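Visitor: File structure.csv follows (CSV, C-alpha atoms and all ligand atoms):
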```csv
chain,number,residue,atom,x,y,z
Q,1,MET,CA,0.7,89.5,48.7
Q,2,LYS,CA,-1.1,92.1,46.6
Q,3,VAL,CA,-1.7,91.7,42.9
Q,4,GLY,CA,-3.3,94.9,41.9
Q,5,PRO,CA,-6.4,95.1,44.1
Q,6,ILE,CA,-6.3,91.3,44.9
Q,7,THR,CA,-4.9,89.9,48.1
Q,8,ILE,CA,-3.4,86.5,48.1
Q,9,THR,CA,-3.0,85.4,51.7
Q,10,SER,CA,-0.6,82.5,51.4
Q,11,PRO,CA,2.4,83.1,49.1
Q,12,VAL,CA,2.0,79.7,47.3
Q,13,ILE,CA,0.3,79.3,43.9
Q,14,LEU,CA,-0.7,76.1,42.2
Q,15,ALA,CA,1.0,76.2,38.7
Q,16,PRO,CA,-1.3,76.0,35.7
Q,17,MET,CA,-0.9,72.5,34.2
Q,18,ALA,CA,-2.7,71.3,31.1
Q,19,ALA,CA,-4.8,68.2,31.8
Q,20,VAL,CA,-3.9,68.4,35.5
Q,21,THR,CA,-5.2,71.6,37.1
Q,22,ASP,CA,-8.9,71.0,36.4
Q,23,LEU,CA,-11.5,72.0,38.9
Q,24,PRO,CA,-11.4,68.9,41.1
Q,25,PHE,CA,-7.7,69.1,41.6
Q,26,ARG,CA,-7.7,72.9,42.1
Q,27,THR,CA,-10.4,72.3,44.7
Q,28,VAL,CA,-8.4,69.7,46.5
Q,29,CYS,CA,-5.4,72.1,46.6
Q,30,GLU,CA,-7.6,75.0,47.8
Q,31,GLU,CA,-9.0,72.8,50.6
Q,32,PHE,CA,-5.4,72.2,51.7
Q,33,GLY,CA,-4.7,76.0,51.8
Q,34,VAL,CA,-3.0,76.8,48.5
Q,35,GLY,CA,-3.0,80.6,48.1
Q,36,PHE,CA,-4.3,80.8,44.6
Q,37,THR,CA,-5.1,78.6,41.6
Q,38,ILE,CA,-5.1,79.2,37.9
Q,39,THR,CA,-6.7,77.2,35.1
Q,40,GLU,CA,-4.6,75.4,32.6
Q,41,PHE,CA,-3.6,77.4,29.5
Q,42,LEU,CA,-6.5,77.9,27.2
Q,43,SER,CA,-6.3,78.8,23.5
Q,44,ALA,CA,-7.7,82.4,23.1
Q,45,HIS,CA,-8.4,81.5,19.5
Q,46,ALA,CA,-10.5,78.4,20.5
Q,47,LEU,CA,-12.3,80.3,23.2
Q,48,ALA,CA,-13.2,83.3,20.9
Q,49,ALA,CA,-14.4,80.8,18.2
Q,50,GLY,CA,-16.8,79.3,20.7
Q,51,ASP,CA,-15.1,75.9,21.0
Q,52,PRO,CA,-17.2,74.2,23.8
Q,53,LYS,CA,-14.4,71.8,24.8
Q,54,THR,CA,-12.0,74.7,25.6
Q,55,ALA,CA,-14.7,76.8,27.2
Q,56,GLY,CA,-15.5,73.8,29.4
Q,57,LYS,CA,-12.0,74.0,30.9
Q,58,MET,CA,-12.6,77.6,31.9
Q,59,THR,CA,-14.1,76.9,35.3
Q,60,ALA,CA,-14.6,79.1,38.3
Q,61,SER,CA,-13.4,77.9,41.7
Q,62,LEU,CA,-16.1,76.6,44.0
Q,63,ASN,CA,-17.6,78.6,46.9
Q,64,GLY,CA,-16.6,82.0,45.4
Q,65,ARG,CA,-12.9,81.4,45.9
Q,66,GLN,CA,-10.5,83.6,43.9
Q,67,PHE,CA,-8.9,82.1,40.8
Q,68,GLY,CA,-7.1,83.0,37.6
Q,69,VAL,CA,-7.7,82.0,34.0
Q,70,GLN,CA,-4.6,81.5,31.8
Q,71,ILE,CA,-4.9,82.2,28.1
Q,72,PHE,CA,-2.5,82.0,25.2
Q,73,GLY,CA,-2.4,83.4,21.7
Q,74,ARG,CA,-0.8,86.1,19.6
Q,75,GLU,CA,-3.8,88.0,18.1
Q,76,GLU,CA,-5.2,90.9,20.0
Q,77,ALA,CA,-8.9,90.4,19.3
Q,78,PRO,CA,-9.2,86.7,20.4
Q,79,MET,CA,-7.1,87.4,23.4
Q,80,GLN,CA,-9.4,90.3,24.4
Q,81,LYS,CA,-12.5,88.2,23.9
Q,82,ALA,CA,-11.0,85.3,25.9
Q,83,ALA,CA,-10.0,87.6,28.7
Q,84,GLN,CA,-13.6,89.0,28.8
Q,85,MET,CA,-15.0,85.5,29.0
Q,86,ALA,CA,-12.7,84.9,31.9
Q,87,VAL,CA,-14.0,88.0,33.6
Q,88,ASP,CA,-17.6,86.9,32.9
Q,89,ILE,CA,-17.1,83.7,34.8
Q,90,GLY,CA,-15.7,85.6,37.8
Q,91,ALA,CA,-11.9,85.3,37.3
Q,92,SER,CA,-9.9,87.5,39.7
Q,93,LEU,CA,-7.1,87.8,37.2
Q,94,VAL,CA,-6.1,86.9,33.7
Q,95,ASP,CA,-2.7,85.4,33.2
Q,96,ILE,CA,-1.1,85.3,29.8
Q,97,ASN,CA,1.1,82.3,28.9
Q,98,MET,CA,4.4,83.3,27.5
Q,99,GLY,CA,6.3,80.3,28.6
Q,100,CYS,CA,4.9,77.2,26.9
Q,101,PRO,CA,7.6,75.3,25.0
Q,102,ALA,CA,5.3,72.9,23.2
Q,103,LYS,CA,6.1,72.6,19.5
Q,104,ARG,CA,2.5,73.1,18.5
Q,105,VAL,CA,2.2,76.3,20.5
Q,106,VAL,CA,5.6,77.7,19.5
Q,107,ALA,CA,4.9,76.9,15.8
Q,108,GLY,CA,2.0,79.4,16.1
Q,109,GLU,CA,4.5,81.9,17.6
Q,110,CYS,CA,2.6,81.7,20.9
Q,111,GLY,CA,3.8,80.8,24.4
Q,112,SER,CA,7.5,81.0,24.9
Q,113,ALA,CA,8.0,82.1,21.3
Q,114,LEU,CA,6.7,85.5,22.4
Q,115,MET,CA,9.9,85.9,24.5
Q,116,ARG,CA,11.7,86.5,21.2
Q,117,GLU,CA,9.2,89.3,20.3
Q,118,PRO,CA,8.9,91.5,23.3
Q,119,ALA,CA,7.2,94.3,21.3
Q,120,ILE,CA,4.4,92.0,20.2
Q,121,ALA,CA,4.1,90.5,23.7
Q,122,GLN,CA,3.7,94.1,25.0
Q,123,GLN,CA,1.0,94.8,22.5
Q,124,LEU,CA,-0.9,91.7,23.6
Q,125,VAL,CA,-0.6,92.7,27.3
Q,126,ARG,CA,-1.8,96.3,26.5
Q,127,ALA,CA,-4.7,94.9,24.5
Q,128,VAL,CA,-5.8,92.5,27.2
Q,129,VAL,CA,-5.5,95.2,29.9
Q,130,ALA,CA,-7.7,97.5,27.8
Q,131,ALA,CA,-10.3,94.7,27.4
Q,132,VAL,CA,-10.9,93.9,31.1
Q,133,PRO,CA,-12.2,96.1,33.9
Q,134,ALA,CA,-9.5,98.1,35.8
Q,135,HIS,CA,-9.9,95.9,38.9
Q,136,ILE,CA,-8.9,92.7,37.1
Q,137,PRO,CA,-5.1,92.4,37.0
Q,138,VAL,CA,-3.4,91.0,33.9
Q,139,THR,CA,-0.4,88.9,34.7
Q,140,VAL,CA,2.3,87.1,32.7
Q,141,LYS,CA,4.1,83.8,33.1
Q,142,HIS,CA,7.3,83.2,31.2
Q,143,ARG,CA,10.5,81.3,31.2
Q,144,ALA,CA,14.1,82.4,31.7
Q,145,GLY,CA,14.4,83.1,28.0
Q,146,TRP,CA,14.3,81.3,24.6
Q,147,ASN,CA,17.7,79.6,24.9
Q,148,PRO,CA,21.0,79.8,26.8
Q,149,ALA,CA,22.2,82.6,24.5
Q,150,ASN,CA,18.9,84.6,25.0
Q,151,ARG,CA,18.1,84.6,28.7
Q,152,ASN,CA,16.2,87.9,28.5
Q,153,ALA,CA,13.7,87.3,31.4
Q,154,PRO,CA,14.7,90.5,33.4
Q,155,GLU,CA,14.3,92.8,30.4
Q,156,PHE,CA,11.2,90.9,29.2
Q,157,ALA,CA,9.5,91.0,32.6
Q,158,CYS,CA,10.1,94.8,32.8
Q,159,ALA,CA,8.7,95.2,29.3
Q,160,MET,CA,5.5,93.3,30.3
Q,161,VAL,CA,5.2,95.4,33.5
Q,162,GLU,CA,5.6,98.6,31.4
Q,163,ALA,CA,2.7,97.3,29.2
Q,164,GLY,CA,0.5,96.8,32.2
Q,165,ALA,CA,1.2,93.4,33.7
Q,166,GLN,CA,0.7,93.3,37.5
Q,167,MET,CA,2.4,90.1,38.4
Q,168,ILE,CA,5.3,88.2,36.8
Q,169,THR,CA,5.9,84.4,37.2
Q,170,VAL,CA,9.2,83.1,36.1
Q,171,HIS,CA,10.0,79.4,35.5
Q,172,GLY,CA,13.8,79.5,35.6
Q,173,ARG,CA,14.4,77.3,32.5
Q,174,THR,CA,14.8,78.4,28.9
Q,175,ARG,CA,12.4,77.2,26.2
Q,176,THR,CA,15.1,75.0,24.7
Q,177,GLN,CA,15.8,73.4,28.0
Q,178,GLY,CA,12.3,72.0,28.3
Q,179,PHE,CA,12.3,70.3,31.6
Q,180,ALA,CA,16.0,69.4,31.6
Q,181,GLY,CA,18.5,70.7,34.1
Q,182,LYS,CA,17.3,72.8,37.0
Q,183,SER,CA,15.2,75.9,37.4
Q,184,ASP,CA,17.7,78.7,37.7
Q,185,HIS,CA,17.2,80.7,40.9
Q,186,GLY,CA,19.7,83.3,39.7
Q,187,ILE,CA,17.6,84.5,36.8
Q,188,ILE,CA,14.5,84.7,39.0
Q,189,ALA,CA,16.5,86.8,41.4
Q,190,GLU,CA,17.5,89.0,38.5
Q,191,VAL,CA,13.9,89.5,37.5
Q,192,ARG,CA,12.9,90.3,41.1
Q,193,ALA,CA,15.7,92.9,41.2
Q,194,ALA,CA,14.7,94.4,37.8
Q,195,VAL,CA,11.0,94.7,38.2
Q,196,PRO,CA,9.4,97.6,40.3
Q,197,ARG,CA,9.0,96.6,43.9
Q,198,HIS,CA,5.2,96.8,44.0
Q,199,ILE,CA,4.9,94.2,41.3
Q,200,PRO,CA,5.0,90.7,42.8
Q,201,VAL,CA,7.4,88.2,41.2
Q,202,VAL,CA,6.6,84.5,41.6
Q,203,GLY,CA,9.4,82.0,41.4
Q,204,ASN,CA,8.7,78.7,39.8
Q,205,GLY,CA,10.4,75.4,39.1
Q,206,ASP,CA,11.3,72.2,40.9
Q,207,VAL,CA,9.8,73.0,44.3
Q,208,VAL,CA,8.6,69.8,45.8
Q,209,ASP,CA,8.9,70.3,49.5
Q,210,VAL,CA,9.1,72.8,52.4
Q,211,GLU,CA,12.9,73.1,52.1
Q,212,GLY,CA,12.6,73.8,48.3
Q,213,PHE,CA,10.1,76.5,49.0
Q,214,MET,CA,12.4,78.2,51.5
Q,215,ARG,CA,15.4,77.9,49.2
Q,216,MET,CA,13.4,79.5,46.3
Q,217,ARG,CA,12.4,82.4,48.5
Q,218,GLU,CA,15.8,82.9,50.1
Q,219,ASN,CA,17.7,82.6,46.8
Q,220,THR,CA,15.5,84.7,44.7
Q,221,GLY,CA,13.7,87.1,47.0
Q,222,CYS,CA,10.5,86.2,45.2
Q,223,ASP,CA,7.2,87.3,46.7
Q,224,ALA,CA,5.5,83.9,46.2
Q,225,VAL,CA,6.3,80.4,44.9
Q,226,MET,CA,4.4,78.6,42.2
Q,227,ILE,CA,4.3,74.8,42.5
Q,228,GLY,CA,3.4,72.4,39.8
Q,229,ARG,CA,4.6,68.8,39.5
Q,230,GLY,CA,5.4,68.7,43.3
Q,231,ALA,CA,1.7,69.1,44.0
Q,232,MET,CA,0.4,66.2,42.0
Q,233,GLY,CA,-1.0,63.8,44.5
Q,234,ASN,CA,0.6,65.8,47.2
Q,235,PRO,CA,-1.8,68.6,48.2
Q,236,TRP,CA,-0.5,68.2,51.8
Q,237,LEU,CA,2.5,70.3,50.7
Q,238,PHE,CA,0.1,73.3,50.7
Q,239,ALA,CA,-1.0,72.6,54.2
Q,240,ARG,CA,2.6,72.4,55.4
Q,241,LEU,CA,3.5,75.6,53.6
Q,242,ALA,CA,0.4,77.4,54.9
Q,243,ALA,CA,1.4,76.4,58.5
Q,244,LEU,CA,5.0,77.5,57.9
Q,245,ASN,CA,3.8,80.9,56.6
Q,246,ALA,CA,1.4,81.3,59.5
Q,247,GLY,CA,4.2,80.5,62.0
Q,248,GLN,CA,2.4,77.3,63.1
Q,249,PRO,CA,3.8,73.8,63.7
Q,250,ASP,CA,4.4,71.6,60.6
Q,251,PRO,CA,1.5,69.1,60.3
Q,252,GLY,CA,3.9,66.7,58.7
Q,253,PRO,CA,3.4,64.3,55.9
Q,254,PRO,CA,0.1,62.4,55.5
Q,255,THR,CA,-0.5,59.0,56.9
Q,256,LEU,CA,-1.9,56.3,54.6
Q,257,GLU,CA,-5.3,56.8,56.1
Q,258,GLN,CA,-5.1,60.5,55.2
Q,259,ARG,CA,-4.0,59.7,51.7
Q,260,ILE,CA,-6.9,57.4,51.0
Q,261,ALA,CA,-9.3,59.9,52.5
Q,262,VAL,CA,-8.1,62.6,50.0
Q,263,PHE,CA,-8.2,60.2,47.1
Q,264,ARG,CA,-11.9,59.6,48.0
Q,265,ARG,CA,-12.5,63.4,48.1
Q,266,HIS,CA,-10.8,63.8,44.8
Q,267,VAL,CA,-12.9,61.1,43.2
Q,268,ALA,CA,-16.0,62.6,44.7
Q,269,LEU,CA,-15.2,65.9,43.2
Q,270,ILE,CA,-14.5,64.3,39.8
Q,271,ASP,CA,-17.9,62.6,40.1
Q,272,GLN,CA,-19.6,65.9,41.1
Q,273,LEU,CA,-17.9,68.2,38.5
Q,274,LYS,CA,-17.2,66.1,35.5
Q,275,ASN,CA,-19.1,63.8,33.2
Q,276,GLY,CA,-18.6,61.9,30.0
Q,277,PRO,CA,-16.0,59.3,28.9
Q,278,ARG,CA,-13.0,61.2,30.2
Q,279,MET,CA,-14.1,60.6,33.8
Q,280,LEU,CA,-12.5,57.2,34.0
Q,281,ASN,CA,-9.1,58.6,32.8
Q,282,GLU,CA,-9.3,61.3,35.4
Q,283,VAL,CA,-9.9,58.8,38.2
Q,284,ARG,CA,-7.1,56.6,36.9
Q,285,LYS,CA,-4.8,59.6,37.1
Q,286,ALA,CA,-5.8,60.3,40.6
Q,287,CYS,CA,-5.3,56.7,41.6
Q,288,ALA,CA,-1.7,56.8,40.3
Q,289,TRP,CA,-1.0,60.1,42.1
Q,290,TYR,CA,-2.1,59.2,45.6
Q,291,ALA,CA,-0.3,55.9,45.6
Q,292,ARG,CA,2.9,57.5,44.3
Q,293,GLY,CA,6.0,56.4,46.2
Q,294,ILE,CA,4.3,53.5,48.1
Q,295,GLU,CA,5.6,50.0,47.6
Q,296,GLY,CA,3.6,48.2,45.0
Q,297,CYS,CA,2.3,51.5,43.4
Q,298,ASN,CA,3.5,50.5,39.9
Q,299,ALA,CA,1.5,47.3,39.9
Q,300,LEU,CA,-1.5,49.3,41.1
Q,301,ARG,CA,-1.1,51.8,38.3
Q,302,ILE,CA,-1.1,49.0,35.7
Q,303,SER,CA,-4.2,47.3,37.2
Q,304,VAL,CA,-6.0,50.7,37.5
Q,305,TRP,CA,-5.3,51.5,33.9
Q,306,ALA,CA,-6.9,48.2,32.9
Q,307,ALA,CA,-10.1,48.9,35.0
Q,308,LYS,CA,-13.2,49.4,32.9
Q,309,THR,CA,-15.3,51.5,35.3
Q,310,VAL,CA,-14.7,54.3,37.8
Q,311,ALA,CA,-16.0,52.1,40.5
Q,312,ASP,CA,-13.6,49.3,39.6
Q,313,ALA,CA,-10.6,51.7,39.5
Q,314,ALA,CA,-11.6,53.2,42.9
Q,315,GLN,CA,-12.1,49.8,44.4
Q,316,LEU,CA,-8.6,48.7,43.4
Q,317,VAL,CA,-7.2,51.7,45.2
Q,318,GLU,CA,-9.3,51.0,48.3
Q,319,SER,CA,-8.0,47.4,48.4
Q,320,PHE,CA,-4.4,48.5,47.9
Q,321,PHE,CA,-4.5,51.0,50.7
Q,322,ALA,CA,-6.5,48.6,53.0
Q,323,GLU,CA,-3.7,46.1,52.5
Q,324,CYS,CA,-0.9,48.6,53.0
Q,325,ILE,CA,-2.5,49.8,56.2
Q,326,ALA,CA,-3.1,46.2,57.5
Q,327,ASN,CA,0.5,45.3,56.7
Q,328,GLY,CA,1.9,48.4,58.2
Q,329,ASN,CA,3.6,49.4,55.0
Q,330,ALA,CA,5.8,52.3,55.2
Q,331,GLU,CA,4.4,55.7,54.1
Q,332,PRO,CA,6.4,57.3,51.3
Q,333,THR,CA,8.9,59.7,52.8
Q,334,GLU,CA,10.0,61.3,49.5
Q,335,LEU,CA,7.8,61.7,46.6
Q,336,PRO,CA,9.4,61.3,43.2
Q,337,ILE,CA,8.7,64.3,41.0
Q,338,GLU,CA,6.2,63.5,38.2
Q,339,PRO,CA,8.0,63.3,34.8
Q,340,ALA,CA,7.1,66.0,32.3
Q,341,ASP,CA,7.7,65.4,28.7
Q,342,GLY,CA,9.1,68.2,26.4
Q,343,GLU,CA,5.6,69.1,25.3
Q,344,ALA,CA,4.5,70.2,28.7
Q,345,ALA,CA,3.9,73.9,28.9
Y,401,LIG,C1,1.8,68.4,32.6
Y,401,LIG,C2,2.1,69.8,32.7
Y,401,LIG,C3,1.3,70.7,32.1
Y,401,LIG,C4,1.6,72.1,32.1
Y,401,LIG,N1,0.8,73.0,31.6
Y,401,LIG,C5,1.0,74.3,31.7
Y,401,LIG,C6,0.1,75.3,31.3
Y,401,LIG,O1,-1.1,75.0,30.9
Y,401,LIG,N2,0.4,76.6,31.5
Y,401,LIG,C7,1.6,77.0,32.0
Y,401,LIG,O2,1.9,78.2,32.1
Y,401,LIG,N3,2.5,76.1,32.4
Y,401,LIG,C8,2.2,74.8,32.3
Y,401,LIG,N4,3.2,73.9,32.7
Y,401,LIG,C9,4.4,74.4,33.4
Y,401,LIG,C10,4.2,74.5,34.9
Y,401,LIG,O3,3.2,75.5,35.1
Y,401,LIG,C11,5.5,74.9,35.6
Y,401,LIG,O4,5.9,76.1,35.0
Y,401,LIG,C12,6.5,73.9,35.4
Y,401,LIG,O5,6.0,72.6,35.6
Y,401,LIG,C13,7.7,74.1,36.4
Y,401,LIG,O6,7.2,74.0,37.7
Y,401,LIG,P1,7.3,72.7,38.6
Y,401,LIG,O7,8.7,72.3,38.6
Y,401,LIG,O8,6.8,73.1,40.0
Y,401,LIG,O9,6.4,71.6,38.0
Y,401,LIG,C14,2.8,72.5,32.7
Y,401,LIG,C15,3.7,71.6,33.2
Y,401,LIG,C16,3.3,70.2,33.3
Y,401,LIG,C17,4.3,69.3,33.9
```
Let me see whether you can do it: turn the structure in this file into structure tokens.

Guide:
Amino acid sequence: MKVGPITITSPVILAPMAAVTDLPFRTVCEEFGVGFTITEFLSAHALAAGDPKTAGKMTASLNGRQFGVQIFGREEAPMQKAAQMAVDIGASLVDINMGCPAKRVVAGECGSALMREPAIAQQLVRAVVAAVPAHIPVTVKHRAGWNPANRNAPEFACAMVEAGAQMITVHGRTRTQGFAGKSDHGIIAEVRAAVPRHIPVVGNGDVVDVEGFMRMRENTGCDAVMIGRGAMGNPWLFARLAALNAGQPDPGPPTLEQRIAVFRRHVALIDQLKNGPRMLNEVRKACAWYARGIEGCNALRISVWAAKTVADAAQLVESFFAECIANGNAEPTELPIEPADGEAA
């Protein structure tokens, strides 16, 4: 798939997710063959004001791999500055968030609120396009619309493309839906039909397995699929999709031994790339993810949350998996989707 001058070889993109798609997790997904990753959404205002915490979340992928930076805002100057900062750290594209339903974001008329103001959204896209070099595509991620009465995704997407967006991602729910109901493949198909053929359209929402990926592609004609919650603790999905797309045999779900090996890799990356008091929380999150769906995982989650050090938390997971392997516990066949609260972007 081509996004302007960029080539994305596997049509599978890791969804930007606040407090989830940090560099360790993006790296794990890249190592399993995801086609492209994007940072979580970052406030343009905070970046332009020099906020170190926000700037610290704007991280380049390791080993020169391609990546995108997602920004949000509604003022041209900070959006331009933030986009230039993304280019400076080597981003291959700048994505603008026009889908976030969170109250604090919508209250500032940013995120999905921009779907109600296509003219302003267009100005923002034009401003960001003008601020970055011609070889850096500007892309937009949005929802089906504001509410069921205003499902304007096809017109909105065309307006963004007219303003210079070079890829459109659609999460097929409205803002007022939050995460309720299902991502509507019909509206994604309408966007694909409306937008000029050379602009890739990425379908998003509820894809958690190979079958869901195929359904999304067949039902919508989308050029790539973006996966969020289904990837948490399940980077194997990307390996399976990469094999499918390359016409190779399905490597199948991971064994318990493979799960614990990737947990260790994730923790090593957290150790290598992060520091400070948040590290323990990051490790706790990873513990919960990789044990998801295995018998006894809820008790593990609770004990890991009570652990006082990274080493203690990791040891609890090691013991849990060692016991599961020794007892021949069944591997999870179906991973429950992570719940998302209404505040998730
Ligand atoms: C915890 C969480 C954080 C999210 N943060 C972002 C974000 O920073 N930017 C964004 O565009 N979407 C964000 N989203 C929305 C996802 O990118 C995606 O559109 C949504 O989860 C639907 O896809 P899924 O069903 O594959 O998870 C977030 C979702 C979740 C669950």

Visitor: With all atoms listed in the file as the basis for distance, which of Q:Ala15, Q:Ala163, Q:Ile136, Q:Ile71 is at the shortest distance from ligand LIG 401 (chain Y)?

Guide: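 Checking each candidate against ligand LIG 401 (chain Y), we get Q:Ala15 as the closest.
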
Visitor: Between CA of Pro133 in chain Q and CA of Val87 in chain Q, measure the distance and give it in Å to one decimal.

Guide: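 One can read the CA of Pro133 in chain Q to CA of Val87 in chain Q distance as 8.3 Å.
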
Visitor: For Ala242 in chain Q, find every residue with an atom within 8 Å (counting only C-alpha atoms), except residues of its own chain fewer than 6 positions away, and show them as a short mmCIF file (atom, residue, chain, number, x, y, z; two decimals) with C-alpha atoms, in the coordinates of the input.

Guide:
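Heads up, here's the output in out-v2.cif:
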```
data_model
loop_
_atom_site.label_atom_id
_atom_site.label_comp_id
_atom_site.auth_asym_id
_atom_site.auth_seq_id
_atom_site.Cartn_x
_atom_site.Cartn_y
_atom_site.Cartn_z
CA SER Q 10 -0.60 82.50 51.40
CA GLY Q 33 -4.70 76.00 51.80
CA VAL Q 34 -3.00 76.80 48.50
#
```

Visitor: Let me have all residues with an atom within 8 Å of ligand LIG 401 (chain Y), counting all atoms listed in the file, laid out as a PyMOL selection string.

Guide: chain Q and resi 15-20+39-42+70+97-100+141-143+170-171+179+183+204-208+226-231+338-341+344-345

Visitor: Counting all atoms listed in the file, which residues sit no farther than 12 Å from the position (14.9, 93.3, 42.8) in the file's frame? I'd like them as number ranges by chain.

Guide: Q: 154, 157-158, 186-201, 219-223

Visitor: Now that the selection is made, can you save its residues with C-alpha atoms as a PDB file, keeping the file's coordinate frame?

Guide:
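Writing done, so here's result26.pdb:
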```pdb
ATOM      1  CA  PRO Q 154      14.700  90.500  33.400  1.00  0.00           C
ATOM      2  CA  ALA Q 157       9.500  91.000  32.600  1.00  0.00           C
ATOM      3  CA  CYS Q 158      10.100  94.800  32.800  1.00  0.00           C
ATOM      4  CA  GLY Q 186      19.700  83.300  39.700  1.00  0.00           C
ATOM      5  CA  ILE Q 187      17.600  84.500  36.800  1.00  0.00           C
ATOM      6  CA  ILE Q 188      14.500  84.700  39.000  1.00  0.00           C
ATOM      7  CA  ALA Q 189      16.500  86.800  41.400  1.00  0.00           C
ATOM      8  CA  GLU Q 190      17.500  89.000  38.500  1.00  0.00           C
ATOM      9  CA  VAL Q 191      13.900  89.500  37.500  1.00  0.00           C
ATOM     10  CA  ARG Q 192      12.900  90.300  41.100  1.00  0.00           C
ATOM     11  CA  ALA Q 193      15.700  92.900  41.200  1.00  0.00           C
ATOM     12  CA  ALA Q 194      14.700  94.400  37.800  1.00  0.00           C
ATOM     13  CA  VAL Q 195      11.000  94.700  38.200  1.00  0.00           C
ATOM     14  CA  PRO Q 196       9.400  97.600  40.300  1.00  0.00           C
ATOM     15  CA  ARG Q 197       9.000  96.600  43.900  1.00  0.00           C
ATOM     16  CA  HIS Q 198       5.200  96.800  44.000  1.00  0.00           C
ATOM     17  CA  ILE Q 199       4.900  94.200  41.300  1.00  0.00           C
ATOM     18  CA  PRO Q 200       5.000  90.700  42.800  1.00  0.00           C
ATOM     19  CA  VAL Q 201       7.400  88.200  41.200  1.00  0.00           C
ATOM     20  CA  ASN Q 219      17.700  82.600  46.800  1.00  0.00           C
ATOM     21  CA  THR Q 220      15.500  84.700  44.700  1.00  0.00           C
ATOM     22  CA  GLY Q 221      13.700  87.100  47.000  1.00  0.00           C
ATOM     23  CA  CYS Q 222      10.500  86.200  45.200  1.00  0.00           C
ATOM     24  CA  ASP Q 223       7.200  87.300  46.700  1.00  0.00           C
TER      25      ASP Q 223
END
```

Visitor: If you count only C-alpha atoms, which residues fall within 10 Å of Ala159 in chain Q, apart from same-chain ones fewer than 5 positions away, as a list of chain:residue names?

Guide: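 Close residues of Ala159 in chain Q: Q:Pro118, Q:Ala119, Q:Ala121, Q:Gln122, Q:Val125, Q:Ala153, Q:Pro154, Q:Gly164, Q:Ala165, Q:Val195.
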
Visitor: Calculate how many Å separate CA of Asn329 in chain Q from CA of Tyr290 in chain Q, rounding to one decimal.

Guide: 14.7 Å

Visitor: What is the distance between CA of Thr139 in chain Q and CA of Gly178 in chain Q, in Å to one decimal?

Guide: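 Here the two named atoms are 22.1 Å from each other.
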
Visitor: Counting all atoms listed in the file, which residue out of Q:Asn150, Q:Pro11, Q:Met58, Q:Ala134 sits closest to Val225 in chain Q?

Guide: Q:Pro11
